[in-house]
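protein.tsv (TSV, C-alpha atoms)
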chain	number	residue	atom	x	y	z
U	1	MET	CA	84.14	88.18	95.42
U	2	ARG	CA	87.54	89.47	96.49
U	3	LEU	CA	87.36	92.26	93.90
U	4	LEU	CA	83.90	93.18	95.12
U	5	LEU	CA	85.18	93.58	98.69
U	6	LEU	CA	88.18	95.60	97.50
U	7	ALA	CA	85.93	97.95	95.50
U	8	SER	CA	83.58	98.50	98.41
U	9	ALA	CA	86.34	98.98	101.03
U	10	GLY	CA	88.09	101.48	98.75
U	11	GLY	CA	84.78	103.20	98.06
U	12	ALA	CA	84.13	103.67	101.77
U	13	ILE	CA	87.56	105.28	102.21
U	14	GLY	CA	87.23	107.53	99.15
U	15	THR	CA	83.73	108.61	100.11
U	16	GLY	CA	84.94	109.38	103.65
U	17	PHE	CA	87.65	111.68	102.25
U	18	ARG	CA	85.10	113.41	100.00
U	19	PHE	CA	82.88	114.02	103.00
U	20	LEU	CA	85.80	115.50	104.97
U	21	ILE	CA	86.74	117.86	102.12
U	22	ASN	CA	83.09	118.91	101.85
U	23	ARG	CA	83.10	119.71	105.55
U	24	VAL	CA	86.33	121.71	105.34
U	25	PHE	CA	84.93	123.85	102.50
U	26	ALA	CA	81.61	124.31	104.32
U	27	HIS	CA	83.49	125.30	107.47
U	28	ALA	CA	85.50	127.87	105.49
U	29	GLY	CA	82.21	129.32	104.22
U	30	LEU	CA	82.87	128.38	100.59
U	31	ILE	CA	79.32	127.27	99.86
U	32	GLU	CA	77.86	129.76	97.39
U	33	PHE	CA	79.60	127.95	94.53
U	34	PRO	CA	80.26	124.16	94.58
U	35	TRP	CA	84.00	124.61	95.16
U	36	ALA	CA	84.24	121.40	97.17
U	37	THR	CA	82.95	119.06	94.43
U	38	LEU	CA	84.93	120.93	91.78
U	39	THR	CA	88.15	120.49	93.78
U	40	ILE	CA	87.34	116.84	94.55
U	41	ASN	CA	86.65	115.91	90.92
U	42	ILE	CA	89.73	117.67	89.54
U	43	LEU	CA	92.02	116.28	92.25
U	44	GLY	CA	90.52	112.79	91.89
U	45	SER	CA	91.00	112.86	88.11
U	46	PHE	CA	94.62	113.94	88.47
U	47	LEU	CA	95.24	111.11	90.95
U	48	MET	CA	93.47	108.71	88.57
U	49	GLY	CA	95.98	109.63	85.84
U	50	VAL	CA	98.89	109.19	88.25
U	51	LEU	CA	97.54	105.83	89.44
U	52	ILE	CA	96.71	104.32	86.06
U	53	GLU	CA	100.11	105.19	84.63
U	54	THR	CA	101.88	103.88	87.74
U	55	LEU	CA	99.95	100.60	87.63
U	56	ALA	CA	100.70	100.21	83.93
U	57	LEU	CA	104.42	100.93	84.24
U	58	ARG	CA	105.27	99.40	87.62
U	59	PHE	CA	102.63	96.95	88.77
U	60	ASN	CA	101.83	94.99	85.65
U	61	ALA	CA	98.31	96.49	85.63
U	62	SER	CA	97.34	94.39	88.68
U	63	ASN	CA	93.57	93.85	88.74
U	64	GLU	CA	93.42	93.85	92.58
U	65	LEU	CA	95.30	97.15	92.93
U	66	ARG	CA	93.26	98.75	90.17
U	67	THR	CA	89.97	97.65	91.74
U	68	PHE	CA	90.93	98.90	95.21
U	69	PHE	CA	92.52	102.22	94.23
U	70	ALA	CA	90.85	103.19	90.93
U	71	THR	CA	87.34	101.69	91.16
U	72	GLY	CA	87.21	101.89	94.95
U	73	ILE	CA	89.06	104.87	96.41
U	74	LEU	CA	89.09	107.30	93.46
U	75	GLY	CA	85.72	106.14	92.09
U	76	GLY	CA	84.15	106.74	95.50
U	77	PHE	CA	86.07	109.95	96.10
U	78	THR	CA	84.87	111.65	92.90
U	79	THR	CA	81.19	112.00	92.19
U	80	PHE	CA	78.86	112.65	89.31
U	81	SER	CA	75.61	112.74	91.29
U	82	ALA	CA	76.66	115.70	93.48
U	83	PHE	CA	77.94	117.44	90.35
U	84	SER	CA	74.60	117.02	88.55
U	85	LEU	CA	72.62	118.01	91.65
U	86	GLU	CA	74.68	121.18	92.04
U	87	PHE	CA	74.13	122.03	88.38
U	88	ALA	CA	70.37	121.47	88.73
U	89	THR	CA	70.25	123.66	91.86
U	90	LEU	CA	72.14	126.52	90.16
U	91	TYR	CA	69.93	126.15	87.09
U	92	GLU	CA	66.72	126.21	89.15
U	93	ARG	CA	67.88	129.42	90.77
U	94	GLY	CA	68.13	130.94	87.33
U	95	ASP	CA	71.88	131.41	87.58
U	96	MET	CA	72.61	130.12	84.06
U	97	THR	CA	76.13	131.51	83.65
U	98	THR	CA	77.29	129.97	86.92
U	99	ALA	CA	75.49	126.68	86.19
U	100	PHE	CA	76.99	126.16	82.74
U	101	GLY	CA	80.33	127.62	83.80
U	102	TYR	CA	80.45	125.06	86.60
U	103	VAL	CA	79.81	122.17	84.19
U	104	LEU	CA	82.37	123.36	81.69
U	105	LEU	CA	85.03	123.97	84.36
U	106	SER	CA	84.42	120.54	85.93
U	107	VAL	CA	84.57	118.52	82.71
U	108	VAL	CA	87.43	120.36	81.00
U	109	LEU	CA	89.70	120.85	84.03
U	110	SER	CA	89.21	117.22	85.15
U	111	LEU	CA	90.14	116.01	81.68
U	112	LEU	CA	93.26	118.18	81.67
U	113	ALA	CA	94.04	116.93	85.18
U	114	ILE	CA	93.92	113.25	84.17
U	115	PHE	CA	96.20	113.88	81.22
U	116	ALA	CA	98.53	115.85	83.50
U	117	GLY	CA	98.60	112.88	85.90
U	118	LEU	CA	99.37	110.42	83.10
U	119	ILE	CA	102.13	112.61	81.64
U	120	VAL	CA	103.75	113.38	84.99
U	121	MET	CA	104.04	109.70	85.91
U	122	ARG	CA	105.23	108.70	82.44
U	123	TRP	CA	107.97	111.28	82.88
U	124	VAL	CA	108.79	110.34	86.49
U	125	LEU	CA	108.82	106.57	85.94
U	126	ALA	CA	110.38	106.51	82.48
C	127	MET	CA	80.27	116.61	112.24
C	128	THR	CA	80.41	113.53	114.37
C	129	ALA	CA	82.16	110.19	114.03
C	130	LEU	CA	78.69	108.79	113.42
C	131	ASP	CA	78.27	110.98	110.29
C	132	VAL	CA	81.56	109.70	108.92
C	133	MET	CA	80.44	106.16	109.63
C	134	TRP	CA	77.15	106.64	107.71
C	135	VAL	CA	78.96	108.25	104.80
C	136	GLY	CA	81.58	105.50	104.70
C	137	LEU	CA	78.93	102.80	104.89
C	138	GLY	CA	76.88	104.40	102.11
C	139	GLY	CA	79.99	104.95	99.99
C	140	GLY	CA	81.03	101.32	100.45
C	141	ILE	CA	77.63	100.02	99.35
C	142	GLY	CA	77.44	102.50	96.46
C	143	SER	CA	80.89	101.52	95.21
C	144	LEU	CA	80.03	97.85	95.53
C	145	LEU	CA	76.96	98.43	93.36
C	146	ARG	CA	79.04	100.45	90.86
C	147	TRP	CA	81.54	97.60	90.59
C	148	TRP	CA	78.69	95.13	90.09
C	149	VAL	CA	76.87	97.20	87.43
C	150	GLY	CA	80.19	97.65	85.58
C	151	HIS	CA	80.82	93.92	85.83
C	152	VAL	CA	77.37	92.92	84.51
C	153	THR	CA	77.44	95.53	81.74
C	154	GLY	CA	80.84	94.27	80.64
C	155	ARG	CA	79.41	90.75	80.27
C	156	VAL	CA	76.42	91.80	78.21
C	157	TYR	CA	77.93	94.56	76.09
C	158	HIS	CA	81.25	94.23	74.28
C	159	GLY	CA	81.40	97.45	72.27
C	160	SER	CA	83.85	100.30	72.68
C	161	PHE	CA	81.41	102.75	74.30
C	162	PRO	CA	81.96	102.91	78.11
C	163	LEU	CA	78.38	101.85	78.77
C	164	GLY	CA	78.90	100.84	82.41
C	165	THR	CA	80.06	104.24	83.69
C	166	PHE	CA	77.50	105.94	81.46
C	167	LEU	CA	74.54	103.99	82.91
C	168	ILE	CA	75.85	104.37	86.47
C	169	ASN	CA	76.17	108.14	86.29
C	170	ILE	CA	72.83	108.64	84.56
C	171	THR	CA	70.86	106.50	87.03
C	172	GLY	CA	72.72	108.05	89.99
C	173	ALA	CA	72.00	111.57	88.73
C	174	PHE	CA	68.30	110.77	88.27
C	175	ILE	CA	67.99	109.33	91.78
C	176	ILE	CA	69.85	112.22	93.47
C	177	GLY	CA	67.64	114.74	91.65
C	178	TYR	CA	64.53	112.85	92.73
C	179	LEU	CA	65.55	112.32	96.36
C	180	SER	CA	66.93	115.81	96.96
C	181	GLU	CA	63.68	117.35	95.73
C	182	LEU	CA	61.74	114.85	97.82
C	183	PHE	CA	63.74	115.70	100.97
C	184	SER	CA	64.05	119.30	99.67
C	185	VAL	CA	67.75	119.58	100.37
C	186	ASP	CA	70.11	122.02	98.77
C	187	TRP	CA	73.73	120.95	98.38
C	188	ARG	CA	74.63	123.26	101.25
C	189	ASP	CA	72.79	121.14	103.78
C	190	ARG	CA	73.48	117.83	102.13
C	191	TYR	CA	75.48	116.65	105.12
C	192	GLY	CA	72.96	117.55	107.79
C	193	ALA	CA	71.00	114.51	108.80
C	194	ALA	CA	72.19	110.92	108.74
C	195	LEU	CA	69.76	110.33	105.89
C	196	ASN	CA	71.37	113.03	103.75
C	197	SER	CA	74.94	112.10	104.52
C	198	GLY	CA	74.38	108.35	104.28
C	199	VAL	CA	72.18	108.27	101.18
C	200	LEU	CA	73.11	111.34	99.11
C	201	THR	CA	76.77	111.97	99.94
C	202	GLY	CA	77.53	108.36	100.83
C	203	PHE	CA	75.56	105.94	98.71
C	204	LEU	CA	74.87	108.02	95.58
C	205	GLY	CA	78.20	109.86	95.76
C	206	GLY	CA	80.02	106.54	96.03
C	207	TYR	CA	77.88	104.92	93.33
C	208	THR	CA	78.53	107.61	90.71
C	209	THR	CA	82.00	108.62	89.63
C	210	PHE	CA	83.67	111.47	87.84
C	211	SER	CA	87.22	110.19	87.66
C	212	SER	CA	86.27	106.94	85.85
C	213	MET	CA	84.31	108.94	83.29
C	214	GLU	CA	87.34	111.15	82.64
C	215	LEU	CA	89.55	108.05	82.47
C	216	ASP	CA	87.19	106.47	79.93
C	217	ALA	CA	87.44	109.63	77.85
C	218	ALA	CA	91.25	109.66	78.07
C	219	LYS	CA	91.36	105.98	77.00
C	220	LEU	CA	88.94	106.58	74.11
C	221	ASN	CA	91.09	109.47	73.01
C	222	GLY	CA	93.94	106.99	72.63
C	223	SER	CA	91.99	104.14	71.02
C	224	LYS	CA	89.22	105.82	69.00
C	225	GLY	CA	90.42	109.38	68.61
C	226	ALA	CA	89.53	112.75	70.11
C	227	GLY	CA	86.17	113.00	68.32
C	228	TYR	CA	84.74	109.84	69.90
C	229	ALA	CA	86.20	110.76	73.32
C	230	THR	CA	84.54	114.19	73.17
C	231	TYR	CA	81.26	112.63	72.03
C	232	TYR	CA	81.28	110.27	75.03
C	233	LEU	CA	82.13	113.03	77.50
C	234	VAL	CA	79.55	115.49	76.15
C	235	LEU	CA	76.84	112.82	75.90
C	236	SER	CA	77.48	111.56	79.46
C	237	THR	CA	77.41	115.07	80.87
C	238	ILE	CA	74.31	116.29	79.03
C	239	ILE	CA	72.24	113.13	79.58
C	240	GLY	CA	73.39	113.06	83.23
C	241	LEU	CA	72.27	116.64	83.81
C	242	ILE	CA	68.95	116.02	82.06
C	243	ALA	CA	68.48	112.88	84.19
C	244	ALA	CA	69.01	114.89	87.41
C	245	TRP	CA	66.49	117.45	86.21
C	246	CYS	CA	63.99	114.66	85.33
C	247	GLY	CA	64.39	113.33	88.87
C	248	PHE	CA	63.63	116.81	90.21
C	249	ALA	CA	60.59	117.13	87.94
C	250	LEU	CA	59.21	113.70	88.84
C	251	ALA	CA	59.42	114.43	92.57
C	252	ARG	CA	57.69	117.76	92.01
C	253	LEU	CA	54.91	116.13	89.98
C	254	GLN	CA	54.26	113.67	92.79
C	255	GLY	CA	54.46	116.31	95.49
Whole structure given in structure tokens:
Amino acid sequence: MRLLLLASAGGAIGTGFRFLINRVFAHAGLIEFPWATLTINILGSFLMGVLIETLALRFNASNELRTFFATGILGGFTTFSAFSLEFATLYERGDMTTAFGYVLLSVVLSLLAIFAGLIVMRWVLA
Amino acid sequence: MTALDVMWVGLGGGIGSLLRWWVGHVTGRVYHGSFPLGTFLINITGAFIIGYLSELFSVDWRDRYGAALNSGVLTGFLGGYTTFSSMELDAAKLNGSKGAGYATYYLVLSTIIGLIAAWCGFALARLQG
């Protein structure tokens, strides 16, 4: 029950930050390509790497902290549904190169970002 | 953007994340294999529903945050329910435990099935409309 509340409180915070970043990108006129979601997912994955390594090395892999920060905040901050919707929209418009480029960039750069996060913290906290 | 929008988004994100935690929890009880089934099911169902609803409300991503309905349900609830960072974390963990081949398989499968699910949601809404 406590974990459930931690996950949902963290999720509300993470989702709020995602919304704000979306708004900032929309305000800057960066809406022809899904820059906002791309930035959010890469940044969130990097922070996930940083967090997981920090929890493992310093906080004894605490279940409460992991649920609040990883499942809650970062899980709610990053999103797969917006990513898939943006792909479908680009695809429907017939913009295949952009659609598949977007998918490839998202998946590969986010994966590199999480490894970067893990390595940086291993190095910092070692 | 108003404080009310942020409130709807936060509320939706809180409920979505709660559901994500719960689905992960239940999946973990039923399934004990090495495949990250929880995150997989969450992202696929979330992608299907966002495809369906966005076609139903006919919203493009550029006006996703217009009405309370869009911000609360699409950006909030479904955005909070699905996750990209956990999927990448699953892949990074699998890379360590099962090797790069299995990690790549998981990542590619999740992405492709997720994108197909979103498109199926689109198609279903169009069939009905």
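Each of U:Leu43, U:Met96, U:Leu65, U:Leu57 was checked against chain C using only C-alpha atoms; the smallest atom-to-atom distance is that of U:Leu43.
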List as a short mmCIF file (atom, residue, chain, number, x, y, z; two decimals) with C-alpha atoms, in the frame of the given file the protein and nucleic acid residues near region 137-153 of chain C, meaning an atom at most 6 Å away when all atoms listed in the file are counted, but skip any in the same chain fewer than 6 places from it.
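Wrote it out as part02.cif, contents follow:
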data_model
loop_
_atom_site.label_atom_id
_atom_site.label_comp_id
_atom_site.auth_asym_id
_atom_site.auth_seq_id
_atom_site.Cartn_x
_atom_site.Cartn_y
_atom_site.Cartn_z
CA ALA U 7 85.93 97.95 95.50
CA SER U 8 83.58 98.50 98.41
CA ALA U 9 86.34 98.98 101.03
CA GLY U 11 84.78 103.20 98.06
CA ALA U 12 84.13 103.67 101.77
CA THR U 15 83.73 108.61 100.11
CA GLY C 164 78.90 100.84 82.41
CA GLY C 198 74.38 108.35 104.28
CA GLY C 202 77.53 108.36 100.83
CA PHE C 203 75.56 105.94 98.71
CA GLY C 206 80.02 106.54 96.03
CA TYR C 207 77.88 104.92 93.33
#
Please report as a ChimeraX atom specification which residues of chain U come no farther than 8 Å from chain C, using all atoms listed in the file.
/U:4-5,7-16,19,23,26,31,41,44-45,48-49,70-72,74-82,84-89,107,110-111,114-115
Could you save those same residues with C-alpha atoms as a CSV table (one decimal), keeping the file's coordinate frame?
chain,number,residue,atom,x,y,z
U,4,LEU,CA,83.9,93.2,95.1
U,5,LEU,CA,85.2,93.6,98.7
U,7,ALA,CA,85.9,98.0,95.5
U,8,SER,CA,83.6,98.5,98.4
U,9,ALA,CA,86.3,99.0,101.0
U,10,GLY,CA,88.1,101.5,98.8
U,11,GLY,CA,84.8,103.2,98.1
U,12,ALA,CA,84.1,103.7,101.8
U,13,ILE,CA,87.6,105.3,102.2
U,14,GLY,CA,87.2,107.5,99.2
U,15,THR,CA,83.7,108.6,100.1
U,16,GLY,CA,84.9,109.4,103.6
U,19,PHE,CA,82.9,114.0,103.0
U,23,ARG,CA,83.1,119.7,105.6
U,26,ALA,CA,81.6,124.3,104.3
U,31,ILE,CA,79.3,127.3,99.9
U,41,ASN,CA,86.6,115.9,90.9
U,44,GLY,CA,90.5,112.8,91.9
U,45,SER,CA,91.0,112.9,88.1
U,48,MET,CA,93.5,108.7,88.6
U,49,GLY,CA,96.0,109.6,85.8
U,70,ALA,CA,90.8,103.2,90.9
U,71,THR,CA,87.3,101.7,91.2
U,72,GLY,CA,87.2,101.9,95.0
U,74,LEU,CA,89.1,107.3,93.5
U,75,GLY,CA,85.7,106.1,92.1
U,76,GLY,CA,84.2,106.7,95.5
U,77,PHE,CA,86.1,110.0,96.1
U,78,THR,CA,84.9,111.6,92.9
U,79,THR,CA,81.2,112.0,92.2
U,80,PHE,CA,78.9,112.6,89.3
U,81,SER,CA,75.6,112.7,91.3
U,82,ALA,CA,76.7,115.7,93.5
U,84,SER,CA,74.6,117.0,88.6
U,85,LEU,CA,72.6,118.0,91.6
U,86,GLU,CA,74.7,121.2,92.0
U,87,PHE,CA,74.1,122.0,88.4
U,88,ALA,CA,70.4,121.5,88.7
U,89,THR,CA,70.2,123.7,91.9
U,107,VAL,CA,84.6,118.5,82.7
U,110,SER,CA,89.2,117.2,85.2
U,111,LEU,CA,90.1,116.0,81.7
U,114,ILE,CA,93.9,113.2,84.2
U,115,PHE,CA,96.2,113.9,81.2
In Å, with one decimal, what is the gap from CA of Leu90 (chain U) to CA of Tyr228 (chain C)?
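Distance between the two atoms: 29.1 Å.
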Separation of CA of Thr165 (chain C) from CA of Met1 (chain U), in Å and rounded to one decimal:
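About the pair CA of Thr165 (chain C) and CA of Met1 (chain U): they are 20.3 Å apart.
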What is the distance between CA of Arg93 (chain U) and CA of Ala28 (chain U), in Å to one decimal?
23.0 Å
Which polymer residues, protein or nucleic acid, are no farther than 10 Å from (99.2, 106.7, 86.2), counting all atoms listed in the file, as an mmCIF file with C-alpha atoms, keeping the file's coordinate frame?
data_model
loop_
_atom_site.group_PDB
_atom_site.id
_atom_site.type_symbol
_atom_site.label_atom_id
_atom_site.label_comp_id
_atom_site.auth_asym_id
_atom_site.auth_seq_id
_atom_site.Cartn_x
_atom_site.Cartn_y
_atom_site.Cartn_z
ATOM 1 C CA PHE U 46 94.620 113.940 88.470
ATOM 2 C CA LEU U 47 95.240 111.110 90.950
ATOM 3 C CA MET U 48 93.470 108.710 88.570
ATOM 4 C CA GLY U 49 95.980 109.630 85.840
ATOM 5 C CA VAL U 50 98.890 109.190 88.250
ATOM 6 C CA LEU U 51 97.540 105.830 89.440
ATOM 7 C CA ILE U 52 96.710 104.320 86.060
ATOM 8 C CA GLU U 53 100.110 105.190 84.630
ATOM 9 C CA THR U 54 101.880 103.880 87.740
ATOM 10 C CA LEU U 55 99.950 100.600 87.630
ATOM 11 C CA ALA U 56 100.700 100.210 83.930
ATOM 12 C CA LEU U 57 104.420 100.930 84.240
ATOM 13 C CA ARG U 58 105.270 99.400 87.620
ATOM 14 C CA ILE U 114 93.920 113.250 84.170
ATOM 15 C CA PHE U 115 96.200 113.880 81.220
ATOM 16 C CA ALA U 116 98.530 115.850 83.500
ATOM 17 C CA GLY U 117 98.600 112.880 85.900
ATOM 18 C CA LEU U 118 99.370 110.420 83.100
ATOM 19 C CA ILE U 119 102.130 112.610 81.640
ATOM 20 C CA VAL U 120 103.750 113.380 84.990
ATOM 21 C CA MET U 121 104.040 109.700 85.910
ATOM 22 C CA ARG U 122 105.230 108.700 82.440
ATOM 23 C CA LEU U 125 108.820 106.570 85.940
#
Measuring between all atoms listed in the file, which one of U:Trp35, U:Tyr102, U:Trp123, U:Phe68 shows the shortest distance to Ile21 (chain U)?
U:Trp35
Determine the nearest neighbour of Ala251 (chain C) from the options C:Leu182, C:Ala129, C:Val156, C:Ile239, counting only C-alpha atoms.
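Of the candidates, the smallest distance to Ala251 (chain C) is held by C:Leu182.
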